[in-house]
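Printed here is structure.cif (mmCIF, C-alpha atoms):
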```
data_protein
loop_
_atom_site.label_atom_id
_atom_site.label_comp_id
_atom_site.auth_asym_id
_atom_site.auth_seq_id
_atom_site.Cartn_x
_atom_site.Cartn_y
_atom_site.Cartn_z
CA MET D 1 15.88 8.54 -31.73
CA HIS D 2 15.07 5.00 -32.70
CA SER D 3 17.07 2.82 -35.05
CA SER D 4 15.84 1.39 -38.32
CA ASN D 5 15.05 -1.83 -36.46
CA GLY D 6 11.97 -0.12 -35.11
CA PRO D 7 11.31 1.35 -31.69
CA GLY D 8 10.25 -1.96 -30.19
CA GLU D 9 13.54 -3.57 -31.17
CA ASP D 10 15.48 -0.77 -29.51
CA VAL D 11 13.99 -1.39 -26.08
CA LYS D 12 13.86 -5.18 -26.15
CA PRO D 13 17.24 -5.70 -24.46
CA ARG D 14 16.21 -3.28 -21.75
CA ILE D 15 12.89 -5.05 -21.30
CA ILE D 16 14.71 -8.38 -21.04
CA ALA D 17 16.96 -6.97 -18.33
CA PHE D 18 13.86 -5.77 -16.49
CA LEU D 19 11.87 -9.01 -16.81
CA PRO D 20 12.84 -10.61 -13.46
CA ARG D 21 11.64 -7.56 -11.57
CA LEU D 22 8.51 -7.26 -13.67
CA ARG D 23 7.75 -10.94 -13.19
CA ARG D 24 8.22 -10.63 -9.43
CA PHE D 25 5.80 -7.71 -9.46
CA CYS D 26 3.27 -9.72 -11.48
CA MET D 27 3.72 -12.64 -9.09
CA ALA D 28 3.02 -10.43 -6.09
CA LEU D 29 -0.10 -9.08 -7.79
CA THR D 30 -1.57 -12.34 -9.01
CA GLY D 31 -0.21 -14.93 -6.59
CA SER D 32 0.08 -17.68 -9.16
CA ASN D 33 2.63 -18.60 -11.78
CA ASP D 34 0.10 -19.05 -14.57
CA GLN D 35 -1.70 -15.78 -13.98
CA CYS D 36 1.61 -14.04 -13.45
CA ASP D 37 3.00 -15.18 -16.80
CA ASP D 38 -0.26 -14.24 -18.53
CA LEU D 39 -0.05 -10.77 -17.04
CA LEU D 40 3.64 -10.55 -17.90
CA GLN D 41 2.94 -11.51 -21.49
CA GLU D 42 0.12 -9.03 -21.83
CA THR D 43 2.27 -6.30 -20.29
CA VAL D 44 5.19 -6.88 -22.64
CA GLU D 45 2.89 -7.07 -25.66
CA ARG D 46 1.17 -3.86 -24.65
CA ALA D 47 4.49 -2.12 -24.11
CA LEU D 48 5.90 -3.22 -27.45
CA THR D 49 2.80 -2.36 -29.45
CA ARG D 50 2.44 1.02 -27.77
CA ILE D 51 6.10 1.85 -27.37
CA GLU D 52 5.52 5.17 -29.09
CA GLN D 53 3.54 6.21 -26.03
CA TRP D 54 6.58 5.83 -23.82
CA GLN D 55 8.42 9.11 -23.56
CA ALA D 56 12.14 8.65 -24.01
CA GLY D 57 13.93 10.13 -21.05
CA THR D 58 11.31 8.88 -18.63
CA SER D 59 11.54 5.55 -16.87
CA LEU D 60 10.65 2.65 -19.15
CA GLU D 61 10.43 0.42 -16.10
CA SER D 62 7.97 2.68 -14.28
CA TRP D 63 5.89 2.88 -17.44
CA MET D 64 5.77 -0.91 -17.65
CA PHE D 65 4.92 -1.27 -13.95
CA ARG D 66 2.00 1.06 -14.64
CA ILE D 67 0.88 -0.99 -17.63
CA ALA D 68 1.02 -4.18 -15.55
CA GLN D 69 -0.97 -2.76 -12.68
CA ASN D 70 -3.57 -1.26 -15.03
CA LEU D 71 -3.96 -4.56 -16.84
CA HIS D 72 -4.25 -6.35 -13.51
CA ILE D 73 -6.98 -3.98 -12.34
CA ASP D 74 -8.76 -4.35 -15.71
CA ARG D 75 -8.70 -8.12 -15.32
CA ILE D 76 -10.12 -7.94 -11.84
CA ARG D 77 -12.90 -5.69 -13.03
CA ALA D 78 -13.59 -7.95 -15.98
CA GLN D 79 -13.82 -10.91 -13.67
CA GLY D 80 -16.28 -8.98 -11.57
CA ARG D 81 -14.38 -9.31 -8.37
CA ARG D 82 -12.46 -7.06 -6.14
CA GLY D 83 -9.34 -8.05 -4.33
CA VAL D 84 -9.97 -10.33 -1.45
CA GLN D 85 -11.18 -8.08 1.32
CA VAL D 86 -10.20 -9.35 4.69
CA ASP D 87 -11.55 -7.88 7.86
CA LEU D 88 -8.77 -6.83 10.22
CA ASP D 89 -10.39 -8.50 13.20
CA ALA D 90 -10.74 -11.66 11.20
CA LEU D 91 -7.05 -11.48 10.37
CA ALA D 92 -6.18 -11.20 14.04
CA ASP D 93 -8.42 -14.14 14.82
CA MET D 94 -6.64 -16.23 12.23
CA SER D 95 -3.31 -15.80 13.94
CA GLY D 96 -2.23 -15.93 17.57
CA ASP D 97 -1.99 -19.48 18.81
CA ASP D 98 -3.94 -20.73 15.84
CA GLY D 99 -1.71 -18.67 13.60
CA ARG D 100 1.30 -20.52 14.87
CA THR D 101 -0.38 -23.74 13.94
CA ILE D 102 -1.02 -22.41 10.48
CA THR D 103 2.57 -21.32 10.20
CA GLU D 104 3.79 -24.71 11.26
CA ALA D 105 1.47 -26.41 8.83
CA ARG D 106 2.69 -24.38 5.88
CA SER D 107 6.04 -22.96 5.17
CA GLU D 108 6.78 -19.53 6.48
CA LEU D 109 7.18 -18.19 2.97
CA ALA D 110 3.89 -19.65 1.81
CA HIS D 111 2.27 -18.00 4.80
CA ALA D 112 3.77 -14.67 3.75
CA GLN D 113 2.46 -15.17 0.21
CA ALA D 114 -0.97 -15.95 1.62
CA ALA D 115 -0.83 -12.75 3.66
CA MET D 116 -0.02 -10.80 0.53
CA ALA D 117 -2.86 -12.46 -1.35
CA ALA D 118 -5.30 -11.53 1.41
CA LEU D 119 -4.65 -7.82 0.98
CA PRO D 120 -6.94 -5.59 -1.05
CA ASP D 121 -5.45 -5.10 -4.53
CA GLU D 122 -4.68 -1.44 -3.97
CA GLN D 123 -2.55 -2.27 -0.94
CA ARG D 124 -0.95 -5.34 -2.52
CA ILE D 125 0.20 -3.33 -5.53
CA LEU D 126 1.85 -0.76 -3.31
CA LEU D 127 3.59 -3.32 -1.13
CA ALA D 128 4.87 -5.02 -4.28
CA LEU D 129 6.36 -1.74 -5.48
CA VAL D 130 7.68 -0.32 -2.22
CA VAL D 131 8.55 -3.28 0.00
CA ILE D 132 9.36 -5.95 -2.56
CA ASP D 133 10.79 -3.90 -5.43
CA GLY D 134 12.16 -1.08 -3.28
CA ARG D 135 10.53 1.87 -5.06
CA SER D 136 10.41 5.13 -3.16
CA TYR D 137 7.04 6.64 -2.20
CA LYS D 138 7.58 9.27 -4.88
CA GLU D 139 8.23 6.68 -7.57
CA ALA D 140 5.27 4.57 -6.45
CA ALA D 141 3.06 7.65 -6.48
CA GLU D 142 4.16 8.45 -10.04
CA ILE D 143 3.72 4.89 -11.25
CA LEU D 144 0.25 4.56 -9.76
CA GLU D 145 -0.67 8.20 -10.36
CA LEU D 146 -1.65 8.66 -6.74
CA PRO D 147 -1.04 11.47 -4.27
CA ILE D 148 1.96 10.67 -2.10
CA GLY D 149 -0.20 10.94 1.02
CA THR D 150 -2.37 8.13 -0.31
CA VAL D 151 0.73 6.03 -0.88
CA MET D 152 1.86 6.59 2.70
CA SER D 153 -1.47 5.71 4.26
CA ARG D 154 -2.00 2.65 2.05
CA ILE D 155 1.48 1.33 2.75
CA SER D 156 1.02 1.63 6.50
CA ARG D 157 -2.44 0.03 6.33
CA ALA D 158 -1.01 -2.79 4.25
CA ARG D 159 1.83 -3.38 6.72
CA HIS D 160 -0.64 -3.34 9.59
CA ALA D 161 -2.82 -5.92 7.83
CA ILE D 162 0.20 -8.09 7.04
CA ASP D 163 1.27 -7.90 10.69
CA LEU D 164 -2.17 -8.97 11.84
CA TYR D 165 -2.12 -11.85 9.41
CA LEU D 166 1.37 -13.04 10.26
CA ASN D 167 1.56 -12.23 13.94
CA GLY D 168 -1.92 -11.35 15.11
CA LYS D 169 -0.49 -8.21 16.64
CA ALA D 170 -1.85 -4.70 16.83
CA LEU D 171 -1.05 -1.59 18.78
CA MET B 1 -6.58 13.14 18.27
CA ASN B 2 -8.43 9.92 19.06
CA GLY B 3 -6.86 6.51 19.55
CA ALA B 4 -7.42 5.34 15.99
CA ASP B 5 -5.92 8.50 14.54
CA GLU B 6 -2.93 8.16 16.82
CA MET B 7 -2.46 4.55 15.80
CA ASN B 8 -2.65 5.45 12.13
CA ARG B 9 -0.16 8.24 12.65
CA ASP B 10 2.24 5.89 14.42
CA HIS B 11 1.85 3.32 11.66
CA GLU B 12 2.61 5.88 8.98
CA ARG B 13 5.67 7.00 10.90
CA VAL B 14 6.90 3.41 11.28
CA SER B 15 6.44 2.89 7.55
CA ALA B 16 8.20 6.14 6.73
CA TYR B 17 11.05 5.11 9.00
CA LEU B 18 11.38 1.66 7.47
CA ASP B 19 11.19 3.04 3.94
CA GLY B 20 13.85 5.64 4.59
CA THR B 21 11.66 8.62 3.82
CA MET B 22 12.46 10.46 7.06
CA ASN B 23 15.30 12.93 6.95
CA PRO B 24 18.19 12.21 9.34
CA GLU B 25 16.85 14.56 12.01
CA GLU B 26 13.38 13.02 11.90
CA ALA B 27 14.85 9.52 11.96
CA ALA B 28 17.07 10.33 14.93
CA ALA B 29 14.11 11.78 16.83
CA PHE B 30 12.02 8.74 15.98
CA GLU B 31 14.76 6.40 17.16
CA GLN B 32 14.94 8.29 20.44
CA GLU B 33 11.18 7.93 20.80
CA ILE B 34 11.43 4.21 20.07
CA GLU B 35 13.94 3.76 22.86
CA GLY B 36 11.40 4.98 25.37
CA ASN B 37 8.42 3.24 23.83
CA PRO B 38 8.68 -0.57 23.86
CA GLU B 39 5.34 -0.99 22.06
CA LEU B 40 6.45 1.19 19.18
CA ALA B 41 9.83 -0.54 19.12
CA ALA B 42 8.09 -3.90 18.90
CA ILE B 43 6.08 -2.74 15.90
CA VAL B 44 9.18 -1.49 14.14
CA GLU B 45 10.92 -4.78 14.75
CA ARG B 46 7.96 -6.91 13.65
CA TRP B 47 7.26 -4.87 10.53
CA GLN B 48 10.90 -4.98 9.58
CA GLY B 49 10.81 -8.75 9.95
CA ASN B 50 7.57 -8.96 7.96
CA ASP B 51 9.15 -6.93 5.15
CA ALA B 52 12.13 -9.26 5.02
CA LEU B 53 9.83 -12.26 4.95
CA LEU B 54 7.77 -10.81 2.09
CA GLN B 55 10.92 -10.07 0.14
CA ARG B 56 12.07 -13.66 0.57
CA ALA B 57 8.61 -14.97 -0.29
CA PHE B 58 8.68 -13.17 -3.62
CA ASP B 59 12.38 -13.41 -4.27
CA ALA B 60 12.92 -14.34 -7.89
CA PRO B 61 14.35 -17.79 -8.50
CA GLU B 62 17.72 -18.08 -10.20
CA GLY B 63 17.50 -16.52 -13.63
CA GLY B 64 14.52 -14.48 -12.50
CA GLY B 65 12.10 -17.25 -13.43
CA ILE B 66 12.49 -16.34 -17.08
CA SER B 67 12.85 -19.49 -19.14
CA ASP B 68 13.63 -19.67 -22.85
CA ALA B 69 10.06 -20.79 -23.36
CA LEU B 70 8.74 -17.72 -21.59
CA LEU B 71 11.09 -15.45 -23.53
CA GLY B 72 9.74 -17.00 -26.72
CA ARG B 73 6.18 -16.52 -25.55
CA LEU B 74 6.96 -12.87 -24.87
CA GLY B 75 8.43 -12.44 -28.34
CA LEU B 76 11.85 -11.70 -26.88
CA ALA B 77 13.73 -14.89 -27.63
CA GLU B 78 15.55 -13.61 -30.68
CA THR B 79 16.92 -10.49 -29.09
CA GLY B 80 20.68 -10.71 -29.07
CA ALA B 81 22.55 -10.24 -25.87
CA ALA B 82 24.93 -7.36 -25.65
CA ASP B 83 28.65 -7.93 -25.43
CA ASN B 84 28.71 -7.41 -21.70
CA VAL B 85 26.01 -9.94 -21.02
CA VAL B 86 26.61 -13.40 -19.73
CA VAL B 87 24.04 -16.02 -20.54
CA PHE B 88 23.04 -17.68 -17.35
CA ASP B 89 20.83 -20.64 -17.53
CA SER B 90 18.40 -19.74 -20.23
CA PHE B 91 17.94 -16.18 -19.15
CA ARG B 92 20.14 -13.41 -20.44
CA LYS B 93 20.62 -11.14 -17.53
CA GLN B 94 22.02 -7.76 -18.33
CA ASP B 95 23.78 -5.27 -16.24
CA ALA B 96 21.35 -3.98 -13.67
CA ALA B 97 22.48 -0.46 -14.45
CA GLN B 98 20.43 -0.65 -17.63
CA ASN B 99 17.31 -0.52 -15.52
CA ASP B 100 16.82 3.12 -14.82
CA ASN B 101 15.00 2.68 -11.59
CA VAL B 102 16.87 -0.09 -9.87
CA ALA B 103 15.97 0.09 -6.23
CA PRO B 104 18.26 2.34 -4.29
CA PRO B 105 19.90 1.00 -1.15
CA LYS B 106 17.27 1.19 1.57
CA TRP B 107 18.87 0.27 4.84
CA ARG B 108 17.68 0.91 8.31
CA TRP B 109 18.74 4.33 9.41
CA PRO B 110 21.08 3.10 12.12
CA LEU B 111 22.86 1.15 9.45
CA VAL B 112 23.38 3.96 7.01
CA GLY B 113 27.00 4.70 7.50
CA SER B 114 30.25 4.32 5.75
CA ILE B 115 29.10 1.72 3.27
CA ALA B 116 26.16 3.84 2.17
CA ALA B 117 28.41 6.84 1.82
CA SER B 118 30.75 4.88 -0.34
CA LEU B 119 28.02 3.46 -2.53
CA VAL B 120 26.29 6.70 -3.36
CA VAL B 121 29.37 8.03 -5.06
CA ALA B 122 29.85 4.88 -7.06
CA VAL B 123 29.56 5.28 -10.81
CA THR B 124 29.02 2.78 -13.54
CA VAL B 125 32.17 2.47 -15.53
CA GLY B 126 33.90 -0.06 -17.71
CA SER B 127 32.55 -3.32 -18.91
CA PHE B 128 31.28 -5.66 -16.29
CA TRP B 129 28.49 -8.03 -15.78
CA ILE B 130 26.81 -9.91 -13.03
CA ALA B 131 27.09 -13.55 -13.82
CA LYS B 132 25.44 -16.54 -12.39
CA PRO B 133 27.50 -17.70 -9.46
CA SER B 134 30.04 -20.08 -10.85
CA GLY B 135 30.94 -23.33 -9.25
CA ILE B 136 33.35 -21.63 -6.91
CA ALA B 137 31.02 -21.97 -3.93
CA GLY B 138 31.14 -25.71 -4.37
CA GLU B 139 34.89 -25.76 -3.86
CA ALA B 140 36.02 -26.77 -0.39
CA ALA B 141 38.88 -24.28 -0.53
CA PHE B 142 36.44 -21.44 -1.12
CA GLN B 143 34.28 -22.51 1.82
CA THR B 144 37.35 -22.82 4.03
CA ALA B 145 38.73 -19.45 2.98
CA MET B 146 35.43 -17.69 3.52
CA ASN B 147 35.05 -19.30 6.94
CA GLY B 148 38.52 -18.62 8.19
CA SER B 149 40.08 -15.64 6.48
CA ALA B 150 39.72 -12.14 7.88
CA SER B 151 38.89 -9.29 5.52
CA GLY B 152 41.94 -8.08 3.69
CA VAL B 153 43.83 -11.32 4.17
CA THR B 154 44.55 -13.20 0.96
CA VAL B 155 44.55 -16.97 0.86
CA ALA B 156 45.32 -19.36 -1.98
CA LEU B 157 42.42 -21.37 -3.35
CA SER B 158 44.76 -23.15 -5.72
CA GLU B 159 48.04 -22.52 -7.45
CA ALA B 160 46.25 -20.22 -9.85
CA GLN B 161 43.61 -18.54 -7.69
CA MET B 162 43.82 -16.27 -4.69
CA LEU B 163 40.83 -15.19 -2.61
CA THR B 164 40.60 -12.07 -0.47
CA PRO B 165 37.53 -11.41 1.67
CA VAL B 166 36.90 -7.69 1.35
CA LEU B 167 34.36 -7.01 4.06
CA SER B 168 31.63 -8.71 6.07
CA PHE B 169 28.12 -7.55 6.77
CA GLU B 170 24.71 -8.73 7.85
CA ALA B 171 21.88 -9.00 5.35
CA LYS B 172 18.41 -7.87 6.26
CA ASP B 173 17.21 -11.48 6.31
CA GLY B 174 19.69 -12.11 9.09
CA ARG B 175 22.30 -13.96 7.07
CA LEU B 176 25.95 -13.08 7.44
CA CYS B 177 27.54 -12.17 4.13
CA ARG B 178 30.96 -11.31 2.78
CA GLU B 179 32.19 -9.50 -0.26
CA PHE B 180 35.23 -11.21 -1.70
CA ALA B 181 37.71 -10.88 -4.53
CA VAL B 182 39.23 -13.70 -6.51
CA GLU B 183 42.35 -13.13 -8.52
CA GLY B 184 43.42 -15.74 -10.99
CA HIS B 185 43.82 -16.52 -14.61
CA GLU B 186 41.37 -13.90 -15.77
CA ALA B 187 40.99 -10.22 -14.98
CA GLY B 188 39.65 -11.03 -11.53
CA ASN B 189 36.25 -11.55 -10.01
CA GLN B 190 34.49 -9.90 -7.15
CA GLY B 191 31.39 -11.18 -5.52
CA ILE B 192 29.19 -11.49 -2.50
CA ALA B 193 28.44 -14.71 -0.66
CA CYS B 194 26.12 -15.31 2.27
CA LYS B 195 26.21 -18.06 4.84
CA SER B 196 23.17 -20.31 4.67
CA GLY B 197 23.41 -23.20 7.07
CA ASN B 198 26.93 -24.51 6.81
CA GLN B 199 27.54 -23.27 3.29
CA TRP B 200 28.59 -19.99 1.75
CA THR B 201 26.27 -19.37 -1.17
CA VAL B 202 27.46 -16.98 -3.85
CA GLU B 203 24.84 -14.28 -4.41
CA ALA B 204 26.66 -12.53 -7.26
CA LEU B 205 29.94 -12.65 -9.06
CA VAL B 206 31.27 -9.72 -11.03
CA LYS B 207 33.85 -10.34 -13.70
CA GLY B 208 36.46 -8.07 -15.15
CA GLY B 209 37.32 -4.55 -14.23
CA GLY B 210 39.77 -2.99 -11.89
CA ALA B 211 42.45 -4.29 -9.69
CA LEU B 212 41.66 -6.32 -6.67
CA PRO B 213 42.28 -4.90 -3.25
CA SER B 214 45.68 -5.59 -1.87
CA ASN B 215 46.31 -7.22 1.47
CA GLY B 216 45.08 -5.25 4.39
CA GLU B 217 43.14 -2.80 2.29
CA ILE B 218 39.43 -2.44 2.79
CA ARG B 219 38.07 -1.28 -0.53
CA THR B 220 36.12 1.92 -0.85
CA ALA B 221 33.84 3.36 -3.48
CA GLY B 222 36.83 3.99 -5.70
CA GLY B 223 36.74 0.38 -6.82
CA LYS B 224 35.36 0.03 -10.32
CA ASN B 225 33.09 -2.88 -9.65
CA ILE B 226 31.38 -1.53 -6.59
CA ALA B 227 28.66 -0.06 -8.80
CA SER B 228 27.77 -3.44 -10.23
CA LEU B 229 27.50 -4.91 -6.76
CA ASP B 230 25.37 -1.97 -5.64
CA ALA B 231 22.14 -3.67 -6.67
CA VAL B 232 23.15 -6.81 -4.82
CA TYR B 233 23.94 -4.87 -1.66
CA SER B 234 20.58 -3.19 -2.03
CA ARG B 235 18.73 -6.45 -2.55
CA LEU B 236 20.39 -7.98 0.47
CA GLY B 237 19.72 -4.91 2.62
CA ALA B 238 23.33 -4.76 3.74
CA SER B 239 24.25 -3.47 7.16
CA ASP B 240 27.37 -1.45 7.72
CA PRO B 241 30.48 -3.58 7.45
CA LEU B 242 31.23 -5.54 10.60
CA ASN B 243 34.21 -4.24 12.49
CA ALA B 244 37.27 -6.43 12.85
CA GLN B 245 36.35 -7.53 16.36
CA LYS B 246 32.88 -8.71 15.37
CA GLU B 247 34.18 -10.36 12.25
CA ASN B 248 36.82 -12.19 14.25
CA THR B 249 34.16 -13.40 16.68
CA TYR B 250 32.18 -14.86 13.79
CA ILE B 251 35.29 -16.45 12.30
CA THR B 252 35.99 -18.03 15.67
CA ASN B 253 32.50 -19.42 16.18
CA GLY B 254 31.96 -20.60 12.61
CA TRP B 255 29.80 -17.65 11.54
CA LYS B 256 27.02 -18.63 13.89
CA LYS B 257 24.92 -15.88 15.41
#
```
Give the structure from this file in structure tokens form.
Amino acid sequence: MHSSNGPGEDVKPRIIAFLPRLRRFCMALTGSNDQCDDLLQETVERALTRIEQWQAGTSLESWMFRIAQNLHIDRIRAQGRRGVQVDLDALADMSGDDGRTITEARSELAHAQAAMAALPDEQRILLALVVIDGRSYKEAAEILELPIGTVMSRISRARHAIDLYLNGKAL
Amino acid sequence: MNGADEMNRDHERVSAYLDGTMNPEEAAAFEQEIEGNPELAAIVERWQGNDALLQRAFDAPEGGGISDALLGRLGLAETGAADNVVVFDSFRKQDAAQNDNVAPPKWRWPLVGSIAASLVVAVTVGSFWIAKPSGIAGEAAFQTAMNGSASGVTVALSEAQMLTPVLSFEAKDGRLCREFAVEGHEAGNQGIACKSGNQWTVEALVKGGGALPSNGEIRTAGGKNIASLDAVYSRLGASDPLNAQKENTYITNGWKK
């Protein structure tokens, strides 16, 4: 039951408490502060204006993660681009001895952010949820409305691609 | 099964292992397999390191990167903070327990032991909050006490404040960390600090709540504030507590690994 302040007012404190995690998720998806804050703003606005669509008793946070990822995908489609597709062999070529040079030239953390940015969107979103935010496969599957098997295979492919980017290693 | 299929299967198993989705029997069998398979062990180690690096790369800055300006832009600036909220910097951070899907502790299987068992029974009770680390880390007495005091041994920071390290552990990013309790003029604080370079940096400080552990007592899940530190332990990827011998070694060598 919502108070007389309106349903949006009821959830605002909870949204505020959730903002750092949501912003980190947006940052992992977009890779830039400006785009991240735009996505964050759009997500919060969408959540507040459509709060009636959130089912009390279900996770508000998962619902907002879903809004953010849907908005992100919509933006990518609107911009007419897909996530940066990087060939695995090309990733391996970028690392190794040369990779060490790259790592020395940039900071290690910037290199990790670049690796994340090089992933296809579908893999980046999952890594953001599972590895960075710590969601379980089940939660990630529910948020993204994917079969859990797809979550498992995408996560492992994403980790493999990240490993190739960062270390140039493969089995 | 061809080579590519086998590789994909191994990768999915490594991911499942790292993400804690294997049951204990599966994890134990996988660990046994790792011991006899250096290539697989190397992948587990590298991927674990990559995960830690990604988490650091996207770790939120203090205050979560939420400025007053951003709160205003989001239409959330006028929302009042609840009574149990401490304003830190411009961002009003509330009790993590209000997020209904705060990440559960996700440690490596070999590390899931007594601390995990104690945390899962923790419940959110009382009024507490996670505050921005106060200036305590900047005090020389705090640094000295954290460097030199064994867990359970209380030392005086000043005439009014006593500090007791509660336990020590290793974070997933490799830092050595300690939970501590400070008893003083207020109800008492408990927090977690990690050693970065030569400094102990306070990761979280919890105010209020139950009694502090007495000398020689290693606190268990019965402590009221353990629930509020749960999210911090999870974020740090805490190992099991170090035993007294290991802790003493670190105290002796200045917490260098």
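In this model, the gap between CA of Ala204 in chain B and CA of Ala181 in chain B comes to 11.5 Å.
Of the listed residues D:Lys12, D:His111, D:Lys138, D:Arg21, the one whose atoms come nearest to Asn50 in chain B is D:His111, with distances taken using all atoms listed in the file.
Proximity to chain B at a cut-off of 7 Å picks out Lys12, Pro13, Arg14, Ala17, Phe18, Pro20, Arg24, Ala28, Gln41, Val44, Ser59, Glu61, Leu109, Ala110, Ala112, Gln113, Val131, Ile132, Asp133, Gly134, Arg135, Met152, Ser153, Ser156, Arg159, Asp163 and Leu171 of chain D on chain D, counting only C-alpha atoms.
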A straight line from CA of Gln53 in chain D to CA of Phe25 in chain D spans 21.8 Å
Taking the file above as input, evaluate the PyMOL selection byres ((chain D and resi 69) around 12) and report the hits as a short mmCIF file (atom, residue, chain, number, x, y, z; two decimals) with C-alpha atoms, in the frame of the given file.
```cif
data_model
loop_
_atom_site.label_atom_id
_atom_site.label_comp_id
_atom_site.auth_asym_id
_atom_site.auth_seq_id
_atom_site.Cartn_x
_atom_site.Cartn_y
_atom_site.Cartn_z
CA LEU D 22 8.51 -7.26 -13.67
CA ARG D 23 7.75 -10.94 -13.19
CA PHE D 25 5.80 -7.71 -9.46
CA CYS D 26 3.27 -9.72 -11.48
CA MET D 27 3.72 -12.64 -9.09
CA ALA D 28 3.02 -10.43 -6.09
CA LEU D 29 -0.10 -9.08 -7.79
CA THR D 30 -1.57 -12.34 -9.01
CA CYS D 36 1.61 -14.04 -13.45
CA LEU D 39 -0.05 -10.77 -17.04
CA LEU D 40 3.64 -10.55 -17.90
CA GLU D 42 0.12 -9.03 -21.83
CA THR D 43 2.27 -6.30 -20.29
CA SER D 62 7.97 2.68 -14.28
CA TRP D 63 5.89 2.88 -17.44
CA MET D 64 5.77 -0.91 -17.65
CA PHE D 65 4.92 -1.27 -13.95
CA ARG D 66 2.00 1.06 -14.64
CA ILE D 67 0.88 -0.99 -17.63
CA ALA D 68 1.02 -4.18 -15.55
CA ASN D 70 -3.57 -1.26 -15.03
CA LEU D 71 -3.96 -4.56 -16.84
CA HIS D 72 -4.25 -6.35 -13.51
CA ILE D 73 -6.98 -3.98 -12.34
CA ASP D 74 -8.76 -4.35 -15.71
CA ARG D 75 -8.70 -8.12 -15.32
CA ILE D 76 -10.12 -7.94 -11.84
CA ASP D 121 -5.45 -5.10 -4.53
CA GLU D 122 -4.68 -1.44 -3.97
CA GLN D 123 -2.55 -2.27 -0.94
CA ARG D 124 -0.95 -5.34 -2.52
CA ILE D 125 0.20 -3.33 -5.53
CA LEU D 126 1.85 -0.76 -3.31
CA ALA D 128 4.87 -5.02 -4.28
CA LEU D 129 6.36 -1.74 -5.48
CA ALA D 140 5.27 4.57 -6.45
CA ILE D 143 3.72 4.89 -11.25
CA LEU D 144 0.25 4.56 -9.76
CA GLU D 145 -0.67 8.20 -10.36
#
```
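Between CA of Thr144 in chain B and CA of Ala231 in chain B lies a distance of 26.7 Å.
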If the box runs along x, y and z of the file and leaves 3 Å on each side of range 244-248 of chain B, what are its centre and edge lengths in Å, one decimal, as AutoDock Vina command-line options?
```
--center_x 35.1 --center_y -9.3 --center_z 14.3 --size_x 10.4 --size_y 11.8 --size_z 10.1
```
Pick out the residues sitting within 12 Å of range 247-255 of chain B, and hand them over as a ChimeraX atom specification; count all atoms listed in the file, and ignore anything fewer than 4 positions along from it in its own chain. /B:143-152,165-170,174-178,194-200,241-243
Emit the selected residues as a PDB file, in the frame of the given file, including C-alpha atoms.
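Result written to out34.pdb:
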```
ATOM      1  CA  GLN B 143      34.280 -22.510   1.820  1.00  0.00           C
ATOM      2  CA  THR B 144      37.350 -22.820   4.030  1.00  0.00           C
ATOM      3  CA  ALA B 145      38.730 -19.450   2.980  1.00  0.00           C
ATOM      4  CA  MET B 146      35.430 -17.690   3.520  1.00  0.00           C
ATOM      5  CA  ASN B 147      35.050 -19.300   6.940  1.00  0.00           C
ATOM      6  CA  GLY B 148      38.520 -18.620   8.190  1.00  0.00           C
ATOM      7  CA  SER B 149      40.080 -15.640   6.480  1.00  0.00           C
ATOM      8  CA  ALA B 150      39.720 -12.140   7.880  1.00  0.00           C
ATOM      9  CA  SER B 151      38.890  -9.290   5.520  1.00  0.00           C
ATOM     10  CA  GLY B 152      41.940  -8.080   3.690  1.00  0.00           C
ATOM     11  CA  PRO B 165      37.530 -11.410   1.670  1.00  0.00           C
ATOM     12  CA  VAL B 166      36.900  -7.690   1.350  1.00  0.00           C
ATOM     13  CA  LEU B 167      34.360  -7.010   4.060  1.00  0.00           C
ATOM     14  CA  SER B 168      31.630  -8.710   6.070  1.00  0.00           C
ATOM     15  CA  PHE B 169      28.120  -7.550   6.770  1.00  0.00           C
ATOM     16  CA  GLU B 170      24.710  -8.730   7.850  1.00  0.00           C
ATOM     17  CA  GLY B 174      19.690 -12.110   9.090  1.00  0.00           C
ATOM     18  CA  ARG B 175      22.300 -13.960   7.070  1.00  0.00           C
ATOM     19  CA  LEU B 176      25.950 -13.080   7.440  1.00  0.00           C
ATOM     20  CA  CYS B 177      27.540 -12.170   4.130  1.00  0.00           C
ATOM     21  CA  ARG B 178      30.960 -11.310   2.780  1.00  0.00           C
ATOM     22  CA  CYS B 194      26.120 -15.310   2.270  1.00  0.00           C
ATOM     23  CA  LYS B 195      26.210 -18.060   4.840  1.00  0.00           C
ATOM     24  CA  SER B 196      23.170 -20.310   4.670  1.00  0.00           C
ATOM     25  CA  GLY B 197      23.410 -23.200   7.070  1.00  0.00           C
ATOM     26  CA  ASN B 198      26.930 -24.510   6.810  1.00  0.00           C
ATOM     27  CA  GLN B 199      27.540 -23.270   3.290  1.00  0.00           C
ATOM     28  CA  TRP B 200      28.590 -19.990   1.750  1.00  0.00           C
ATOM     29  CA  PRO B 241      30.480  -3.580   7.450  1.00  0.00           C
ATOM     30  CA  LEU B 242      31.230  -5.540  10.600  1.00  0.00           C
ATOM     31  CA  ASN B 243      34.210  -4.240  12.490  1.00  0.00           C
TER      32      ASN B 243
END
```
Produce range 114-122 of chain D of the given structure as output with C-alpha atoms, as a CSV table (one decimal), in the first residue's frame.
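Once everything was written out, this is result.csv:
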```
chain,number,residue,atom,x,y,z
D,114,ALA,CA,39.0,-0.9,-21.8
D,115,ALA,CA,38.6,-4.7,-21.7
D,116,MET,CA,35.1,-4.3,-20.5
D,117,ALA,CA,34.3,-1.8,-23.2
D,118,ALA,CA,35.6,-4.1,-25.8
D,119,LEU,CA,33.0,-6.8,-24.9
D,120,PRO,CA,29.8,-7.3,-26.9
D,121,ASP,CA,27.0,-5.5,-25.0
D,122,GLU,CA,25.2,-8.8,-24.1
```
